[in-house]
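Step one of this worksheet: look at the structure below.
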Amino acid sequence: MNRPPEQPEQPEQQALFGWEDTVPADPPDRGGGFRDSPRARRMLNVREVYAEPAALASPRGRQILARLPGVPVTEVAGHWRIPSLHGNDGNIARWTRIKTEVLVLGVRQSLTTRPNGRSADWIAPGASNGCAMACAYCYVPRRKGYANPITLFTNIEAITAHVRRHVRVQGPKREPNQCDPHAWVYDIGENGDCSVDDLICDNTADLIAAFRELPTAKASFATKFVNPDLLALDPRGRTRVRFSVMPADDSRLLDLRTSPVAERIAAAADFLDAGYEVHFNLSPVVLRPGWQRDWAELLEQLDDVLPGRVKAQAAAEIIMLTHNQQLHEVNLGWHPRAEEVLWQPAAQETKRSENGALNVRYARDIKRDALARLRELIAEHAPWLRVRYAF
């Protein structure tokens with residue numbers, strides 16, 4: 001891909017005044033929708049907040065706390081290292097409870113956009129880290145250790161301003177690529193799930209609104225949670241939702257606290273009609289006895305359920321399972337059944353990832369053959385589903 005040379009960005013400006021000097025009033029609360037429903041409260045029933053002082057003083061921080069009256073707040077120097085959460089092996093037994101009941105508020109210090117070229121052209125600075133769902137294969141807790149609740153970054157204005165500047169620097173996309181033929185694609189949810197974040201505050205809504213006004217770019221995020229509140233955000237085709245799907249039996253074992261796969265598939269048409277581009281992540285592909293049969297059934301389900309207008313614009317990413325020794329050991333403490341299919345040393349090999357982590361992936365020959373077989377299944381059962389990226 002030929003890409004115009006990137007011009008250096010201007011450094012971030014330091015705030016000259018506090019939030020109270022620059023913001024005349026608290027942001028309006030977008031309550032009353034799905035985020036206030038019993039189902040949303042089952043997903044997130046926050047009973048404890050850890051927060052950096054700057055996050056508490058910000059407009060977004062005030063908005064979040066206004067929705068959590070009476071919830072105790074503990075001030076912390078930094079969101080990344082909280083001794084009672086991170087590195088405390090006593091939290092393994094409380095893995096899902098912590099995700100349900102604990103929220104961390106911080107200020108994102110590093111505002112950088114990284115090139116990707118696989119799922120997206122660029123990885124934007126995310127507005128969150130961690131998730132309230134409990135997928136047994138998730139890579140995010142590998143770095144935190146023992147607890148992985150949502151951390152929300154409250155300096156959303158700085159994040160969206162950075163993204164706007166970066167998009168302007170790129171100019172129009174001159175050549176199509178597998179990310180998108182016309183627009184620069186920015187992944188806005190690399191380390192979290194934007195659909196779940198929206199249950200707490202308007203960070204996701206603000207990012208979608210920012211891309212709505214950027215004709216040369218579009219946002220992209222993967223999700224395993226169906227949040228109908230997102231249907232009202234008017235993305236105007238500038239946000240791509242990637243519904244992650246896998247065979248139902250795998251999901252019940254590995255995708256704890258997520259929306260059922262059938263619900264994710266059924267939501268695709270509603271999201272398309274609401275102005276989103278809708279793609280699918282076939283992810284992760286877990287190799288175990290019967291995997292080919294079950295993936296064929298899932299592809300048949302996609303073909304049966306999705307209307308023609310969804311199929312006409314759909315594309316897929318295939319992502320084979322990547323696992324990790326540390327996460328394996330954590331999972332043995334709270335969900336050992338998952339490790340019966342995730343941890344397969346005879347079929348896996350060690351490989352260092354781009355971020356320096358030492359992970360295990362399916363051996364090269366096994367992975368190559370499995371990807372070829374899955375492509376054959378797609379051609380047989382869902383020939384309309386274009387594979388945009390496979391890894």
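Letters for chains follow the order of the structure tokens (A, B, ...), residue numbers begin at 1 for each chain, and ligand numbers begin at 1 in the order shown.
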field: Residue neighbourhood stretch 291-299 of chain A, 9 Å, only C-alpha atoms, exclusion window fewer than 4 positions, as an NGL selection string
entry: :A and (245-249 or 285-287 or 303-304 or 370 or 373-374 or 377-378 or 380-382)
Using only C-alpha atoms, which residues sit within 9 Å of A:Pro53 once same-chain residues fewer than 4 positions away are excluded, as a tab-separated table (two decimals) with N, CA and C atoms, in the first residue's frame?
```tsv
chain	number	residue	atom	x	y	z
A	57	ALA	N	-12.36	15.51	38.79
A	57	ALA	CA	-12.64	16.93	38.56
A	57	ALA	C	-13.14	17.21	37.15
A	58	SER	N	-13.03	16.26	36.25
A	58	SER	CA	-13.38	16.49	34.85
A	58	SER	C	-14.90	16.45	34.65
A	75	GLU	N	-9.62	7.72	46.06
A	75	GLU	CA	-8.67	8.41	45.18
A	75	GLU	C	-7.37	7.62	45.10
A	76	VAL	N	-6.84	7.52	43.88
A	76	VAL	CA	-5.59	6.80	43.64
A	76	VAL	C	-4.67	7.69	42.81
A	77	ALA	N	-3.38	7.49	42.96
A	77	ALA	CA	-2.42	8.31	42.23
A	77	ALA	C	-2.42	7.99	40.74
A	106	GLY	N	-9.76	7.25	35.15
A	106	GLY	CA	-8.43	7.80	34.99
A	106	GLY	C	-8.39	8.83	33.87
```
- request: Do a neighbour search on A:Phe221 at 9 Å with only C-alpha atoms, toss out local chain neighbours closer than 2 positions, and write the hits as JSON, numbers by chain.
  value: {"A": [186, 187, 188, 189, 190, 193, 194, 195, 219, 223, 239, 240, 241, 242, 243]}
- request: Tell me, as JSON, numbers by chain, which residues lie within 10 Å of stretch 134-142 of chain A, counting only C-alpha atoms; anything in the same chain fewer than 3 positions away does not count.
  value: {"A": [86, 95, 96, 99, 100, 129, 130, 131, 145, 146, 147, 148, 149, 190, 191, 192, 224, 251, 252, 253, 254, 255, 256, 257, 258, 284, 321, 322, 323, 324, 325, 326, 327, 328, 330, 331, 334, 335, 336, 337, 338, 339, 342, 357, 359]}
message: Here is a test: counting only C-alpha atoms, which residue of A:Ala40, A:Ile92, A:Ala267, A:Ala51 is nearest to A:Met133?
response: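 Smallest separation from A:Met133 among the options: A:Ala40.
Excluding A:Arg388 itself and same-chain residues fewer than 6 positions from it, the residues having an atom within 9 Å of it are Arg118, Ser119, Gln178, Cys179, Ala315, Ala316, Glu317 and Ile318 of chain A, counting only C-alpha atoms.
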- prompt: How would you write, as a ChimeraX atom specification, the set of residues in stretch 39-158 of chain A that DSSP gives as alpha helix (DSSP H)?
  reply: /A:39-43,53-57,59-66,95-101,141-144,156-158
Generate the output file for the selected residues, N, CA and C atoms, as an mmCIF file, in the first residue's frame.
```cif
data_model
loop_
_atom_site.group_PDB
_atom_site.id
_atom_site.type_symbol
_atom_site.label_atom_id
_atom_site.label_comp_id
_atom_site.auth_asym_id
_atom_site.auth_seq_id
_atom_site.Cartn_x
_atom_site.Cartn_y
_atom_site.Cartn_z
ATOM 1 N N ARG A 39 -31.359 -5.188 32.919
ATOM 2 C CA ARG A 39 -30.312 -5.987 32.277
ATOM 3 C C ARG A 39 -28.973 -5.270 32.317
ATOM 4 N N ALA A 40 -28.987 -3.969 32.073
ATOM 5 C CA ALA A 40 -27.749 -3.216 32.139
ATOM 6 C C ALA A 40 -27.191 -3.207 33.551
ATOM 7 N N ARG A 41 -28.069 -3.132 34.535
ATOM 8 C CA ARG A 41 -27.601 -3.135 35.927
ATOM 9 C C ARG A 41 -27.024 -4.487 36.318
ATOM 10 N N ARG A 42 -27.522 -5.551 35.704
ATOM 11 C CA ARG A 42 -26.905 -6.860 35.968
ATOM 12 C C ARG A 42 -25.493 -6.922 35.406
ATOM 13 N N MET A 43 -25.287 -6.264 34.295
ATOM 14 C CA MET A 43 -23.943 -6.223 33.721
ATOM 15 C C MET A 43 -23.014 -5.368 34.566
ATOM 16 N N PRO A 53 -7.544 11.993 40.933
ATOM 17 C CA PRO A 53 -8.162 13.290 41.241
ATOM 18 C C PRO A 53 -8.558 14.072 39.994
ATOM 19 N N ALA A 54 -7.697 14.064 38.965
ATOM 20 C CA ALA A 54 -8.025 14.816 37.746
ATOM 21 C C ALA A 54 -9.258 14.243 37.055
ATOM 22 N N ALA A 55 -9.442 12.931 37.140
ATOM 23 C CA ALA A 55 -10.631 12.324 36.544
ATOM 24 C C ALA A 55 -11.891 12.737 37.295
ATOM 25 N N LEU A 56 -11.791 12.816 38.609
ATOM 26 C CA LEU A 56 -12.944 13.237 39.409
ATOM 27 C C LEU A 56 -13.344 14.672 39.107
ATOM 28 N N ALA A 57 -12.361 15.510 38.791
ATOM 29 C CA ALA A 57 -12.639 16.929 38.559
ATOM 30 C C ALA A 57 -13.136 17.215 37.154
ATOM 31 N N PRO A 59 -15.407 17.077 33.578
ATOM 32 C CA PRO A 59 -16.847 16.997 33.293
ATOM 33 C C PRO A 59 -17.337 15.560 33.140
ATOM 34 N N ARG A 60 -16.573 14.713 32.438
ATOM 35 C CA ARG A 60 -17.004 13.337 32.255
ATOM 36 C C ARG A 60 -16.996 12.605 33.581
ATOM 37 N N GLY A 61 -16.003 12.848 34.409
ATOM 38 C CA GLY A 61 -15.977 12.224 35.725
ATOM 39 C C GLY A 61 -17.182 12.623 36.560
ATOM 40 N N ARG A 62 -17.557 13.881 36.500
ATOM 41 C CA ARG A 62 -18.729 14.332 37.240
ATOM 42 C C ARG A 62 -20.002 13.694 36.702
ATOM 43 N N GLN A 63 -20.074 13.536 35.389
ATOM 44 C CA GLN A 63 -21.234 12.878 34.799
ATOM 45 C C GLN A 63 -21.360 11.448 35.295
ATOM 46 N N ILE A 64 -20.243 10.740 35.334
ATOM 47 C CA ILE A 64 -20.267 9.340 35.767
ATOM 48 C C ILE A 64 -20.677 9.237 37.227
ATOM 49 N N LEU A 65 -20.083 10.040 38.085
ATOM 50 C CA LEU A 65 -20.389 9.945 39.512
ATOM 51 C C LEU A 65 -21.816 10.368 39.816
ATOM 52 N N ALA A 66 -22.374 11.264 39.009
ATOM 53 C CA ALA A 66 -23.767 11.668 39.220
ATOM 54 C C ALA A 66 -24.710 10.490 39.022
ATOM 55 N N TRP A 95 -13.135 -12.850 40.239
ATOM 56 C CA TRP A 95 -12.864 -12.334 38.901
ATOM 57 C C TRP A 95 -14.076 -11.629 38.302
ATOM 58 N N THR A 96 -15.215 -12.303 38.234
ATOM 59 C CA THR A 96 -16.386 -11.696 37.604
ATOM 60 C C THR A 96 -17.069 -10.693 38.534
ATOM 61 N N ARG A 97 -16.997 -10.909 39.830
ATOM 62 C CA ARG A 97 -17.615 -9.953 40.753
ATOM 63 C C ARG A 97 -16.933 -8.602 40.660
ATOM 64 N N ILE A 98 -15.614 -8.588 40.553
ATOM 65 C CA ILE A 98 -14.886 -7.324 40.417
ATOM 66 C C ILE A 98 -15.293 -6.620 39.133
ATOM 67 N N LYS A 99 -15.449 -7.382 38.053
ATOM 68 C CA LYS A 99 -15.862 -6.771 36.791
ATOM 69 C C LYS A 99 -17.244 -6.129 36.902
ATOM 70 N N THR A 100 -18.112 -6.711 37.708
ATOM 71 C CA THR A 100 -19.472 -6.204 37.875
ATOM 72 C C THR A 100 -19.516 -4.977 38.769
ATOM 73 N N GLU A 101 -18.718 -4.970 39.829
ATOM 74 C CA GLU A 101 -18.925 -4.014 40.914
ATOM 75 C C GLU A 101 -17.882 -2.918 41.016
ATOM 76 N N PRO A 141 -6.224 -8.492 30.438
ATOM 77 C CA PRO A 141 -5.752 -8.705 31.817
ATOM 78 C C PRO A 141 -4.371 -9.307 31.925
ATOM 79 N N ARG A 142 -3.797 -9.739 30.817
ATOM 80 C CA ARG A 142 -2.451 -10.305 30.909
ATOM 81 C C ARG A 142 -1.459 -9.298 31.475
ATOM 82 N N ARG A 143 -1.671 -8.039 31.179
ATOM 83 C CA ARG A 143 -0.732 -7.015 31.645
ATOM 84 C C ARG A 143 -1.084 -6.499 33.026
ATOM 85 N N LYS A 144 -2.366 -6.563 33.390
ATOM 86 C CA LYS A 144 -2.780 -6.006 34.683
ATOM 87 C C LYS A 144 -2.561 -6.994 35.826
ATOM 88 N N ILE A 156 -12.091 12.776 27.466
ATOM 89 C CA ILE A 156 -12.583 12.408 26.146
ATOM 90 C C ILE A 156 -12.402 13.543 25.141
ATOM 91 N N GLU A 157 -12.468 14.798 25.621
ATOM 92 C CA GLU A 157 -12.271 15.926 24.702
ATOM 93 C C GLU A 157 -10.885 15.888 24.089
ATOM 94 N N ALA A 158 -9.874 15.564 24.890
ATOM 95 C CA ALA A 158 -8.508 15.475 24.371
ATOM 96 C C ALA A 158 -8.362 14.314 23.397
#
```
- line: A:Pro228 proximity check over A:Ala274, A:Ile366, A:Ala183, A:Ala132, using only C-alpha atoms: winner is A:Ala274
- prompt: Leaving out A:Gly33 and any residue of its chain fewer than 3 positions from it, which residues lie within 10 Å of it when counting only C-alpha atoms, given as a list in words?
  reply: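 The contact residues come out as Arg30, Asp36, Ser37, Ala40, Leu199, Asn227, Pro228 and Asp229 of chain A.
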Grab the residues selected above and save them as a compact mmCIF listing (two decimals), in the first residue's frame with N, CA, C and O atoms.
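Heads up, here's the output in again_18.txt:
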```
# COMPACT_ATOMS: atom_id res chain seq x y z
N ARG A 30 -27.46 11.45 29.59
CA ARG A 30 -28.28 10.76 28.60
C ARG A 30 -28.86 9.50 29.23
O ARG A 30 -28.61 8.38 28.85
N ASP A 36 -30.27 2.28 31.79
CA ASP A 36 -30.96 2.29 33.08
C ASP A 36 -31.84 1.06 33.29
O ASP A 36 -32.60 1.00 34.25
N SER A 37 -31.72 0.08 32.40
CA SER A 37 -32.58 -1.10 32.47
C SER A 37 -32.03 -2.13 33.47
O SER A 37 -30.84 -2.11 33.81
N ALA A 40 -28.99 -3.97 32.07
CA ALA A 40 -27.75 -3.22 32.14
C ALA A 40 -27.19 -3.21 33.55
O ALA A 40 -25.97 -3.29 33.76
N LEU A 199 -22.79 1.98 28.68
CA LEU A 199 -23.69 1.83 29.82
C LEU A 199 -23.36 2.79 30.94
O LEU A 199 -24.20 3.03 31.81
N ASN A 227 -26.14 -3.40 22.70
CA ASN A 227 -26.63 -2.25 23.45
C ASN A 227 -27.53 -1.43 22.54
O ASN A 227 -27.06 -0.69 21.68
N PRO A 228 -28.84 -1.54 22.69
CA PRO A 228 -29.75 -0.83 21.78
C PRO A 228 -29.65 0.68 21.85
O PRO A 228 -30.09 1.37 20.92
N ASP A 229 -29.07 1.23 22.91
CA ASP A 229 -28.90 2.69 22.98
C ASP A 229 -28.03 3.21 21.84
O ASP A 229 -28.17 4.37 21.42
```
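A straight line drawn from atom CA of A:Glu349 to atom CA of A:Glu329 is 17.0 Å long.
Near A:Trp184, within 10 Å and counting only C-alpha atoms, sit Ala120, Asp121, Trp122, Val167, Gln170, Gly171, Pro172, Lys173, Arg174, Pro176, Asn177, Cys179, Asp180, Pro181, Leu214, Pro215, Thr216, Ala217, Lys218 and Ala219 of chain A, not including residues fewer than 3 positions from it in the same chain.
As for atom CA of A:Glu300 and atom CA of A:Glu376, they are spaced 13.1 Å apart.
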